[in-house]
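Shown next: final_22.txt, given as compact mmCIF, C-alpha atoms.
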```
# COMPACT_ATOMS: atom_id res chain seq x y z
CA MET L 19 1.11 34.16 27.58
CA ALA L 20 1.65 30.69 26.16
CA TYR L 21 -1.35 28.67 25.14
CA ILE L 22 -1.45 24.96 24.65
CA PHE L 23 -3.04 24.12 21.37
CA ASP L 24 -4.83 20.95 20.46
CA ASN L 25 -3.08 19.69 17.34
CA GLU L 26 -6.19 17.82 16.25
CA ARG L 27 -8.17 20.95 15.45
CA PRO L 28 -7.28 23.83 13.16
CA ILE L 29 -5.14 26.26 15.16
CA TYR L 30 -6.91 29.31 13.72
CA ILE L 31 -10.25 28.11 15.10
CA GLN L 32 -8.68 27.76 18.54
CA LEU L 33 -7.33 31.30 18.25
CA VAL L 34 -10.80 32.57 17.33
CA GLU L 35 -12.18 30.89 20.45
CA ILE L 36 -9.50 32.38 22.70
CA ILE L 37 -9.89 35.91 21.39
CA ARG L 38 -13.67 35.68 21.40
CA ILE L 39 -13.51 34.87 25.12
CA GLN L 40 -11.13 37.76 25.69
CA ILE L 41 -13.69 40.06 24.07
CA VAL L 42 -16.78 38.83 25.94
CA SER L 43 -14.92 38.76 29.24
CA GLY L 44 -13.82 42.35 28.75
CA LYS L 45 -10.11 41.60 28.61
CA PHE L 46 -10.28 43.28 25.25
CA GLN L 47 -12.70 46.11 25.85
CA LYS L 48 -15.29 47.41 23.45
CA GLY L 49 -13.79 49.86 21.02
CA GLN L 50 -10.26 49.04 22.13
CA LYS L 51 -7.51 48.86 19.56
CA ILE L 52 -6.05 45.38 19.34
CA PRO L 53 -2.33 44.71 18.85
CA SER L 54 -1.00 44.06 15.35
CA VAL L 55 -1.17 40.61 13.81
CA ARG L 56 2.53 40.11 14.33
CA GLU L 57 2.46 41.22 17.97
CA LEU L 58 -0.53 39.01 18.75
CA ALA L 59 1.12 36.10 16.96
CA LEU L 60 4.26 36.59 19.01
CA THR L 61 2.49 36.75 22.36
CA MET L 62 0.43 33.68 21.55
CA LYS L 63 3.40 31.94 19.94
CA VAL L 64 1.69 31.13 16.70
CA ASN L 65 2.39 31.70 13.04
CA PRO L 66 1.39 35.24 11.93
CA ASN L 67 -0.55 33.81 8.95
CA THR L 68 -2.63 31.69 11.30
CA MET L 69 -3.33 34.75 13.46
CA GLN L 70 -4.30 36.71 10.34
CA LYS L 71 -6.81 34.02 9.45
CA ALA L 72 -8.26 34.03 12.98
CA LEU L 73 -8.69 37.81 12.94
CA ALA L 74 -10.36 37.61 9.51
CA GLU L 75 -12.84 35.14 10.99
CA LEU L 76 -13.55 37.43 13.98
CA GLU L 77 -14.05 40.25 11.53
CA ASN L 78 -16.60 38.10 9.69
CA GLU L 79 -18.40 37.67 12.99
CA LYS L 80 -18.26 41.48 13.37
CA LEU L 81 -16.55 41.15 16.75
CA ILE L 82 -13.68 43.22 15.43
CA TYR L 83 -13.42 45.73 12.62
CA THR L 84 -10.64 47.30 10.63
CA GLU L 85 -10.24 51.02 10.49
CA ARG L 86 -8.40 51.52 7.24
CA THR L 87 -4.72 52.44 7.88
CA ASN L 88 -5.29 52.47 11.63
CA GLY L 89 -5.46 48.86 12.61
CA LYS L 90 -8.08 46.64 14.12
CA TYR L 91 -10.53 47.46 16.91
CA VAL L 92 -12.96 45.54 19.08
CA THR L 93 -16.58 46.14 18.15
CA GLU L 94 -18.56 48.77 20.03
CA ASP L 95 -21.79 46.89 19.52
CA GLU L 96 -22.74 45.93 23.06
CA SER L 97 -25.73 43.82 22.06
CA LEU L 98 -23.56 41.72 19.76
CA VAL L 99 -21.04 41.06 22.53
CA GLU L 100 -23.90 40.14 24.89
CA LYS L 101 -25.34 37.81 22.30
CA VAL L 102 -22.02 36.03 21.83
CA LYS L 103 -21.55 35.83 25.58
CA LYS L 104 -24.97 34.21 25.93
CA GLU L 105 -24.14 31.65 23.23
CA LEU L 106 -20.91 30.78 25.03
CA ALA L 107 -22.72 30.54 28.36
CA LYS L 108 -25.31 28.25 26.81
CA GLU L 109 -22.58 26.00 25.49
CA LYS L 110 -20.89 25.82 28.92
CA VAL L 111 -24.20 25.06 30.68
CA ASN L 112 -24.96 22.31 28.20
CA ASN L 113 -21.50 20.85 28.69
CA TYR L 114 -22.06 20.87 32.44
CA LEU L 115 -25.48 19.25 32.22
CA ASN L 116 -24.24 16.65 29.77
CA SER L 117 -21.28 15.66 31.87
CA MET L 118 -23.47 15.47 34.99
CA ASN L 119 -25.87 13.31 32.99
CA ASP L 120 -22.92 11.08 32.06
CA ILE L 121 -22.34 10.31 35.73
CA GLY L 122 -26.03 9.61 36.31
CA ILE L 123 -27.17 12.95 37.70
CA SER L 124 -30.49 14.27 36.45
CA TYR L 125 -31.20 17.83 35.37
CA ASP L 126 -32.91 18.79 38.65
CA GLU L 127 -30.17 17.23 40.72
CA ALA L 128 -27.53 18.92 38.63
CA ILE L 129 -29.05 22.30 39.42
CA LYS L 130 -29.01 21.42 43.12
CA TYR L 131 -25.38 20.35 42.92
CA LEU L 132 -24.58 23.62 41.27
CA GLN L 133 -26.15 25.59 44.10
CA GLU L 134 -24.78 23.46 46.91
CA LEU L 135 -21.29 22.68 45.73
CA GLY L 136 -20.80 25.76 43.62
CA GLY L 137 -22.07 27.95 46.42
CA LYS L 138 -21.96 31.70 46.35
CA ASN L 139 -18.25 31.88 45.99
CA GLY L 140 -18.36 28.90 43.74
CA ILE L 141 -15.35 29.72 41.64
CA SER L 142 -12.64 27.48 42.87
CA MET C 99 6.50 34.60 -8.85
CA GLU C 100 7.04 31.57 -6.62
CA LEU C 101 9.96 31.72 -4.26
CA VAL C 102 10.92 28.11 -4.98
CA LYS C 103 9.82 26.05 -7.93
CA CYS C 104 10.81 22.50 -8.82
CA ASN C 105 10.07 21.27 -12.32
CA ASN C 106 10.31 17.53 -12.97
CA LEU C 107 13.23 17.44 -10.58
CA CYS C 108 15.11 14.13 -10.40
CA LYS C 109 18.23 13.16 -8.53
CA GLU C 110 20.05 9.87 -8.78
CA PHE C 111 23.05 8.63 -6.86
CA ASP C 112 24.80 5.67 -8.51
CA ASN C 113 21.68 4.85 -10.53
CA LYS C 114 19.60 4.93 -7.38
CA GLN C 115 16.64 7.28 -7.77
CA VAL C 116 16.57 9.50 -4.67
CA LEU C 117 14.16 12.13 -5.93
CA ASN C 118 11.60 11.14 -8.46
CA ASN C 119 10.09 13.80 -10.71
CA ILE C 120 9.37 16.41 -8.04
CA ASN C 121 7.03 19.24 -9.01
CA LEU C 122 6.58 21.78 -6.28
CA SER C 123 6.02 25.47 -5.85
CA LEU C 124 6.52 27.27 -2.59
CA PRO C 125 5.07 30.74 -2.01
CA LYS C 126 6.43 33.71 -0.10
CA GLY C 127 5.49 34.43 3.48
CA LYS C 128 4.78 30.89 4.67
CA ILE C 129 6.23 28.41 7.12
CA ILE C 130 6.41 25.11 5.34
CA GLY C 131 7.05 21.71 6.89
CA LEU C 132 8.94 19.22 4.75
CA LEU C 133 7.95 16.02 6.47
CA GLY C 134 9.22 12.53 5.86
CA LYS C 135 10.91 9.62 7.53
CA ASN C 136 14.68 9.35 7.51
CA GLY C 137 16.24 8.63 4.14
CA MET C 138 13.24 9.68 2.03
CA GLY C 139 14.94 12.56 0.20
CA LYS C 140 14.39 15.61 2.44
CA THR C 141 18.02 16.58 2.73
CA THR C 142 18.69 15.87 -0.97
CA LEU C 143 15.87 18.23 -1.95
CA ILE C 144 17.23 20.87 0.41
CA LYS C 145 20.76 20.50 -0.92
CA LEU C 146 19.48 20.96 -4.47
CA MET C 147 17.81 24.23 -3.42
CA ASN C 148 21.09 25.36 -1.91
CA ASP C 149 23.19 24.56 -4.96
CA LEU C 150 25.14 21.89 -3.07
CA LEU C 151 24.00 19.22 -5.52
CA THR C 152 23.04 19.43 -9.16
CA PRO C 153 19.90 17.79 -10.53
CA THR C 154 20.20 14.63 -12.63
CA SER C 155 17.34 16.07 -14.68
CA GLY C 156 14.72 18.77 -14.25
CA GLU C 157 15.37 22.00 -12.41
CA VAL C 158 15.01 24.00 -9.19
CA LEU C 159 14.32 27.70 -9.50
CA ILE C 160 14.74 30.25 -6.72
CA ASN C 161 12.86 33.44 -7.55
CA GLY C 162 12.76 32.18 -11.13
CA GLU C 163 16.52 31.60 -11.40
CA LYS C 164 18.75 28.58 -11.10
CA PRO C 165 20.58 28.39 -7.75
CA SER C 166 23.71 30.54 -7.82
CA VAL C 167 25.54 33.18 -5.83
CA ASN C 168 22.37 35.27 -6.08
CA SER C 169 20.18 32.66 -4.48
CA LYS C 170 22.74 32.06 -1.73
CA LYS C 171 22.44 35.72 -0.81
CA ILE C 172 18.76 35.39 -0.07
CA ILE C 173 18.70 31.89 1.42
CA SER C 174 19.77 31.35 5.01
CA TYR C 175 20.50 27.67 5.43
CA LEU C 176 20.83 25.58 8.56
CA PRO C 177 22.41 22.29 7.53
CA GLU C 178 21.82 19.04 9.31
CA ARG C 179 25.36 18.98 10.65
CA THR C 180 27.16 21.92 12.11
CA TYR C 181 29.93 23.48 10.09
CA LEU C 182 31.23 25.79 12.79
CA ASP C 183 34.90 25.56 13.63
CA LYS C 184 34.81 24.28 17.20
CA GLY C 185 38.06 26.00 18.09
CA MET C 186 36.63 29.44 17.35
CA ARG C 187 35.14 31.83 19.86
CA VAL C 188 31.55 32.99 19.34
CA SER C 189 32.77 36.56 18.76
CA GLN C 190 35.04 35.34 15.94
CA ILE C 191 32.15 33.49 14.32
CA LEU C 192 30.04 36.65 14.47
CA THR C 193 32.78 38.55 12.65
CA LEU C 194 33.03 35.77 10.08
CA PHE C 195 29.29 35.89 9.41
CA GLU C 196 29.38 39.66 9.18
CA ASP C 197 32.13 39.45 6.55
CA PHE C 198 30.41 36.68 4.69
CA TYR C 199 26.80 37.82 4.51
CA GLU C 200 25.65 41.33 3.64
CA ASN C 201 22.33 40.69 5.32
CA PHE C 202 23.73 39.39 8.62
CA ASN C 203 22.38 41.46 11.48
CA LYS C 204 25.10 41.26 14.12
CA GLU C 205 23.23 43.35 16.70
CA LYS C 206 20.30 40.98 16.49
CA ALA C 207 22.56 37.95 16.92
CA ILE C 208 24.23 39.52 19.96
CA LYS C 209 20.86 40.33 21.47
CA LEU C 210 19.62 36.77 20.99
CA LEU C 211 22.86 35.37 22.43
CA ASN C 212 22.52 37.68 25.44
CA ASP C 213 18.99 36.41 26.01
CA LEU C 214 20.57 32.98 26.38
CA ASP C 215 23.23 34.26 28.78
CA LEU C 216 25.84 33.04 26.35
CA ASP C 217 29.23 34.66 26.72
CA ILE C 218 30.44 35.63 23.26
CA ASN C 219 34.03 35.05 24.35
CA SER C 220 33.47 31.35 24.93
CA ARG C 221 34.71 28.75 22.50
CA VAL C 222 32.26 26.56 20.60
CA SER C 223 34.04 23.42 21.84
CA LYS C 224 33.28 24.42 25.44
CA MET C 225 29.54 24.66 24.80
CA SER C 226 26.98 21.87 25.32
CA LYS C 227 25.44 20.25 22.26
CA GLY C 228 22.12 22.00 22.87
CA MET C 229 23.88 25.34 23.19
CA GLN C 230 25.78 24.77 19.95
CA GLU C 231 22.52 24.05 18.16
CA LYS C 232 21.02 27.24 19.56
CA LEU C 233 24.05 29.24 18.47
CA GLN C 234 23.83 27.84 14.96
CA LEU C 235 20.13 28.65 14.77
CA ILE C 236 20.69 32.18 16.04
CA LEU C 237 23.32 32.76 13.35
CA VAL C 238 20.97 31.53 10.64
CA MET C 239 17.92 33.46 11.91
CA SER C 240 19.94 36.67 12.29
CA ARG C 241 20.21 37.06 8.53
CA ASP C 242 17.50 39.17 6.92
CA ALA C 243 16.84 36.50 4.33
CA GLU C 244 13.96 35.82 1.96
CA LEU C 245 14.07 32.10 2.55
CA TYR C 246 15.22 30.19 5.62
CA ILE C 247 15.88 26.51 5.07
CA LEU C 248 16.27 24.58 8.29
CA ASP C 249 17.26 20.94 7.98
CA GLU C 250 16.24 19.02 11.11
CA PRO C 251 16.59 21.96 13.51
CA LEU C 252 15.16 19.90 16.37
CA GLY C 253 17.32 16.83 16.08
CA GLY C 254 18.83 15.68 19.35
CA VAL C 255 17.71 18.51 21.63
CA ASP C 256 15.52 18.35 24.72
CA PRO C 257 11.86 19.49 24.67
CA ALA C 258 12.57 22.81 26.39
CA THR C 259 15.23 23.59 23.80
CA ARG C 260 12.77 22.61 21.06
CA ASP C 261 10.33 25.22 22.34
CA TYR C 262 13.10 27.77 22.40
CA ILE C 263 14.02 26.91 18.81
CA LEU C 264 10.42 27.17 17.58
CA ASP C 265 9.93 30.52 19.31
CA THR C 266 13.19 31.81 17.87
CA ILE C 267 12.08 30.82 14.38
CA LEU C 268 8.65 32.42 14.85
CA SER C 269 9.87 35.69 16.25
CA ASN C 270 12.83 36.20 13.95
CA PHE C 271 12.00 35.40 10.36
CA SER C 272 11.78 38.59 8.32
CA GLU C 273 8.34 39.72 7.31
CA GLY C 274 7.32 38.30 3.94
CA ALA C 275 10.03 35.64 4.09
CA SER C 276 9.36 31.91 3.95
CA VAL C 277 10.74 29.18 6.14
CA ILE C 278 11.18 25.55 5.11
CA ILE C 279 11.65 23.20 8.04
CA SER C 280 12.47 19.57 7.41
CA THR C 281 11.79 17.18 10.23
CA HIS C 282 10.38 13.88 11.28
CA LEU C 283 9.48 15.29 14.73
CA ILE C 284 6.09 16.45 13.58
CA SER C 285 4.12 16.80 16.79
CA ASP C 286 6.66 19.24 18.17
CA ILE C 287 6.53 21.53 15.22
CA GLU C 288 3.13 21.32 13.62
CA ARG C 289 1.56 24.23 15.49
CA ILE C 290 3.74 26.74 13.65
CA LEU C 291 3.29 25.38 10.11
CA ASP C 292 1.18 26.97 7.36
CA GLU C 293 1.76 24.28 4.80
CA VAL C 294 2.87 20.69 4.94
CA ILE C 295 4.62 18.56 2.34
CA PHE C 296 4.85 14.80 2.83
CA ILE C 297 7.79 13.20 1.08
CA ASP C 298 8.24 9.46 0.80
CA LYS C 299 10.76 7.40 -1.18
CA GLY C 300 11.65 10.40 -3.30
CA ASN C 301 8.06 11.32 -4.15
CA ILE C 302 5.90 14.18 -2.93
CA ILE C 303 2.78 12.40 -1.80
CA LEU C 304 0.81 15.25 -0.27
CA THR C 305 0.87 19.03 -0.07
CA SER C 306 -1.76 20.91 1.91
CA SER C 307 -2.49 23.77 4.24
CA ALA C 308 -1.94 22.45 7.76
CA ASP C 309 -5.25 23.71 9.16
CA GLU C 310 -7.26 22.48 6.16
CA LEU C 311 -5.73 19.04 6.54
CA ARG C 312 -6.59 18.98 10.27
CA ALA C 313 -10.16 20.06 9.56
CA LYS C 314 -10.57 17.48 6.79
CA GLU C 315 -9.16 14.55 8.74
CA ASN C 316 -10.13 15.63 12.26
CA SER C 317 -6.66 14.71 13.44
CA SER C 318 -3.26 16.15 14.05
CA ILE C 319 -0.70 16.29 11.24
CA ASP C 320 1.40 13.86 13.27
CA GLU C 321 -1.46 11.37 13.36
CA ILE C 322 -2.15 11.74 9.63
CA PHE C 323 1.54 11.27 8.90
CA ARG C 324 1.68 8.09 10.98
CA ARG C 325 -1.39 6.73 9.23
CA CYS C 326 0.09 7.53 5.81
CA PHE C 327 3.40 5.86 6.50
CA LYS C 328 2.41 2.95 8.63
CA CYS C 329 5.10 0.32 8.18
```
Once more with this new file: its structure as structure tokens, please.
Amino acid sequence: MAYIFDNERPIYIQLVEIIRIQIVSGKFQKGQKIPSVRELALTMKVNPNTMQKALAELENEKLIYTERTNGKYVTEDESLVEKVKKELAKEKVNNYLNSMNDIGISYDEAIKYLQELGGKNGIS
Amino acid sequence: MELVKCNNLCKEFDNKQVLNNINLSLPKGKIIGLLGKNGMGKTTLIKLMNDLLTPTSGEVLINGEKPSVNSKKIISYLPERTYLDKGMRVSQILTLFEDFYENFNKEKAIKLLNDLDLDINSRVSKMSKGMQEKLQLILVMSRDAELYILDEPLGGVDPATRDYILDTILSNFSEGASVIISTHLISDIERILDEVIFIDKGNIILTSSADELRAKENSSIDEIFRRCFKC
């Protein structure tokens, strides 16, 4: 899959964000082995060194770990993944509320909009 | 040891200083952008690395040695202008490269040419300009080299071809090898760079990791370059 990167921010940080989402969304499942640096770099069309740096950062966050000789795996720590998911959700909610606020819609109204326009099958 | 090292490198043409006391060291395993406007010394620096020019003073070292037959074996060079004989067929060029370079991987070249649906029996003169540039790049990237030096690989091709060229560079340089790409088309290429070097009027005015520079300046390399060289 090709991603469009924003040249104004470090590419490795954008890779961390993409892979983090893949982990919390379950696209990369807990305990799953992840492809090699070079393979990942190729599929995302980035420099392998940049990918290496992104994976090192995710390892710092404990979202992935290295099994010596065997490669890298997604964490099995469910509570950590949940925690990261919650942080991401919080960020998205804040973004939503802020942008609604920008167009003059208060917090209470924004919630209403969410229920009415988002609806049950609100993903459009 | 550094793959490329320049020590107090100077080059003059007819008493005109084209490169002015360049000190530079380039590591292994990186993709490096040599960025500068036209006529600022990029190609001269590249030609010195390839032993096509000799320094007026100072030196260039490749793996610690002066450029020679040995360095030519490990450097795969894409010059600014094509040197292919337009009357030749692609298959003949493949044979020529195979004879010329020990590290030329013919199977790889054929595979890449097949991906492009390019008939290896066609003559270079019958191919479009974009196709000729792709062919040249494929030949250069099909060598298992330690250093790839690409002088303006994106010049004069359409955006789709640019993407093809970048992907070909990314997926084909040997592991542990370095790539030097000179260009003034920065926004197209910056996503694949590890390191950037800004060259202006024969001087190196900045060297940095691409991501560190973005983080420090909160802008794209292209933007920083434009700010630096505002006319």
Using all atoms listed in the file, which residues of chain C come within 7 Å of chain L, and what is the closest atom pair for each, with the distance in Å to one decimal? Give it as a Markdown table, sorted by chain and residue number.
```
| residue | atom | partner | partner_atom | distance |
| --- | --- | --- | --- | --- |
| C:Asp265 | CA | L:Lys63 | CA | 6.7 |
| C:Leu268 | CA | L:Asn65 | CA | 6.6 |
| C:Ser269 | CA | L:Leu60 | CA | 6.3 |
| C:Arg289 | CA | L:Asn25 | CA | 6.8 |
| C:Ile290 | CA | L:Asn65 | CA | 5.2 |
| C:Asp309 | CA | L:Pro28 | CA | 4.5 |
| C:Arg312 | CA | L:Pro28 | CA | 5.7 |
| C:Ala313 | CA | L:Pro28 | CA | 6.0 |
| C:Asn316 | CA | L:Glu26 | CA | 6.0 |
| C:Ser317 | CA | L:Glu26 | CA | 4.2 |
| C:Ser318 | CA | L:Glu26 | CA | 4.0 |
```
Produce a file of the selected residues containing C-alpha atoms, as a tab-separated table (two decimals), keeping the file's coordinate frame.
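Once everything was written out, this is part.tsv:
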```
chain	number	residue	atom	x	y	z
C	265	ASP	CA	9.93	30.52	19.31
C	268	LEU	CA	8.65	32.42	14.85
C	269	SER	CA	9.87	35.69	16.25
C	289	ARG	CA	1.56	24.23	15.49
C	290	ILE	CA	3.74	26.74	13.65
C	309	ASP	CA	-5.25	23.71	9.16
C	312	ARG	CA	-6.59	18.98	10.27
C	313	ALA	CA	-10.16	20.06	9.56
C	316	ASN	CA	-10.13	15.63	12.26
C	317	SER	CA	-6.66	14.71	13.44
C	318	SER	CA	-3.26	16.15	14.05
```
Of the listed residues C:Lys128, C:Lys109, C:Arg241, C:Lys103, that which approaches Lys206 (chain C) most closely, counting all atoms listed in the file | C:Arg241
Got a sec: who's within 7 Å of Asp149 (chain C), counting all atoms listed in the file, leaving out chain neighbours fewer than 3 positions off, as a ChimeraX atom specification?
-> /C:145-146,152,165-166
Can you tell me, as a PyMOL selection string, what residues are no more than 9 Å from Asp249 (chain C) when counting all atoms listed in the file, ignoring any on the same chain fewer than 2 positions away?
-> chain C and resi 140-141+144+175-179+247+251-252+278-281
Hey, what's within 8 Å of region 95-110 of chain L if we count all atoms listed in the file and toss same-chain stuff fewer than 5 positions away? As a ChimeraX atom specification, please?
-> /L:41-42,48,81
CA of Leu101 (chain C) and CA of Leu124 (chain C) are how many Å apart?
-> 5.9 Å
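Note that the spacing between CA of Ile263 (chain C) and CA of Leu235 (chain C) amounts to 7.5 Å.
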Near-region 82-84 of chain L list (10 Å; only C-alpha atoms; drop same-chain fewer than 5 positions) as an mmCIF file with C-alpha atoms, in the frame of the given file:
```
data_model
loop_
_atom_site.group_PDB
_atom_site.id
_atom_site.type_symbol
_atom_site.label_atom_id
_atom_site.label_comp_id
_atom_site.auth_asym_id
_atom_site.auth_seq_id
_atom_site.Cartn_x
_atom_site.Cartn_y
_atom_site.Cartn_z
ATOM 1 C CA ARG L 38 -13.670 35.680 21.400
ATOM 2 C CA ILE L 41 -13.690 40.060 24.070
ATOM 3 C CA LYS L 48 -15.290 47.410 23.450
ATOM 4 C CA GLY L 49 -13.790 49.860 21.020
ATOM 5 C CA GLN L 50 -10.260 49.040 22.130
ATOM 6 C CA LYS L 51 -7.510 48.860 19.560
ATOM 7 C CA ILE L 52 -6.050 45.380 19.340
ATOM 8 C CA LEU L 73 -8.690 37.810 12.940
ATOM 9 C CA ALA L 74 -10.360 37.610 9.510
ATOM 10 C CA GLU L 75 -12.840 35.140 10.990
ATOM 11 C CA LEU L 76 -13.550 37.430 13.980
ATOM 12 C CA GLU L 77 -14.050 40.250 11.530
ATOM 13 C CA GLY L 89 -5.460 48.860 12.610
ATOM 14 C CA LYS L 90 -8.080 46.640 14.120
ATOM 15 C CA TYR L 91 -10.530 47.460 16.910
ATOM 16 C CA VAL L 92 -12.960 45.540 19.080
ATOM 17 C CA THR L 93 -16.580 46.140 18.150
ATOM 18 C CA GLU L 94 -18.560 48.770 20.030
ATOM 19 C CA ASP L 95 -21.790 46.890 19.520
#
```
So which one's closest to Gly300 (chain C), C:Lys114, C:Arg260, C:Arg324, C:Lys184? Using only C-alpha atoms, please.
-> C:Lys114
Kindly compute an axis-aligned box around the listed atoms of region 111-127 of chain C, allowing 8 Å on each side, and express its centre and edge lengths in Å to one decimal as lines of an AutoDock Vina configuration file.
```
center_x = 14.9
center_y = 19.6
center_z = -3.6
size_x = 35.7
size_y = 45.6
size_z = 30.2
```
Nearest residue to Glu273 (chain C) from the set L:Val55, L:Val111, L:Gln133, L:Glu85 (distances using only C-alpha atoms) =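 Counting only C-alpha atoms, the residue closest to Glu273 (chain C) is L:Val55.
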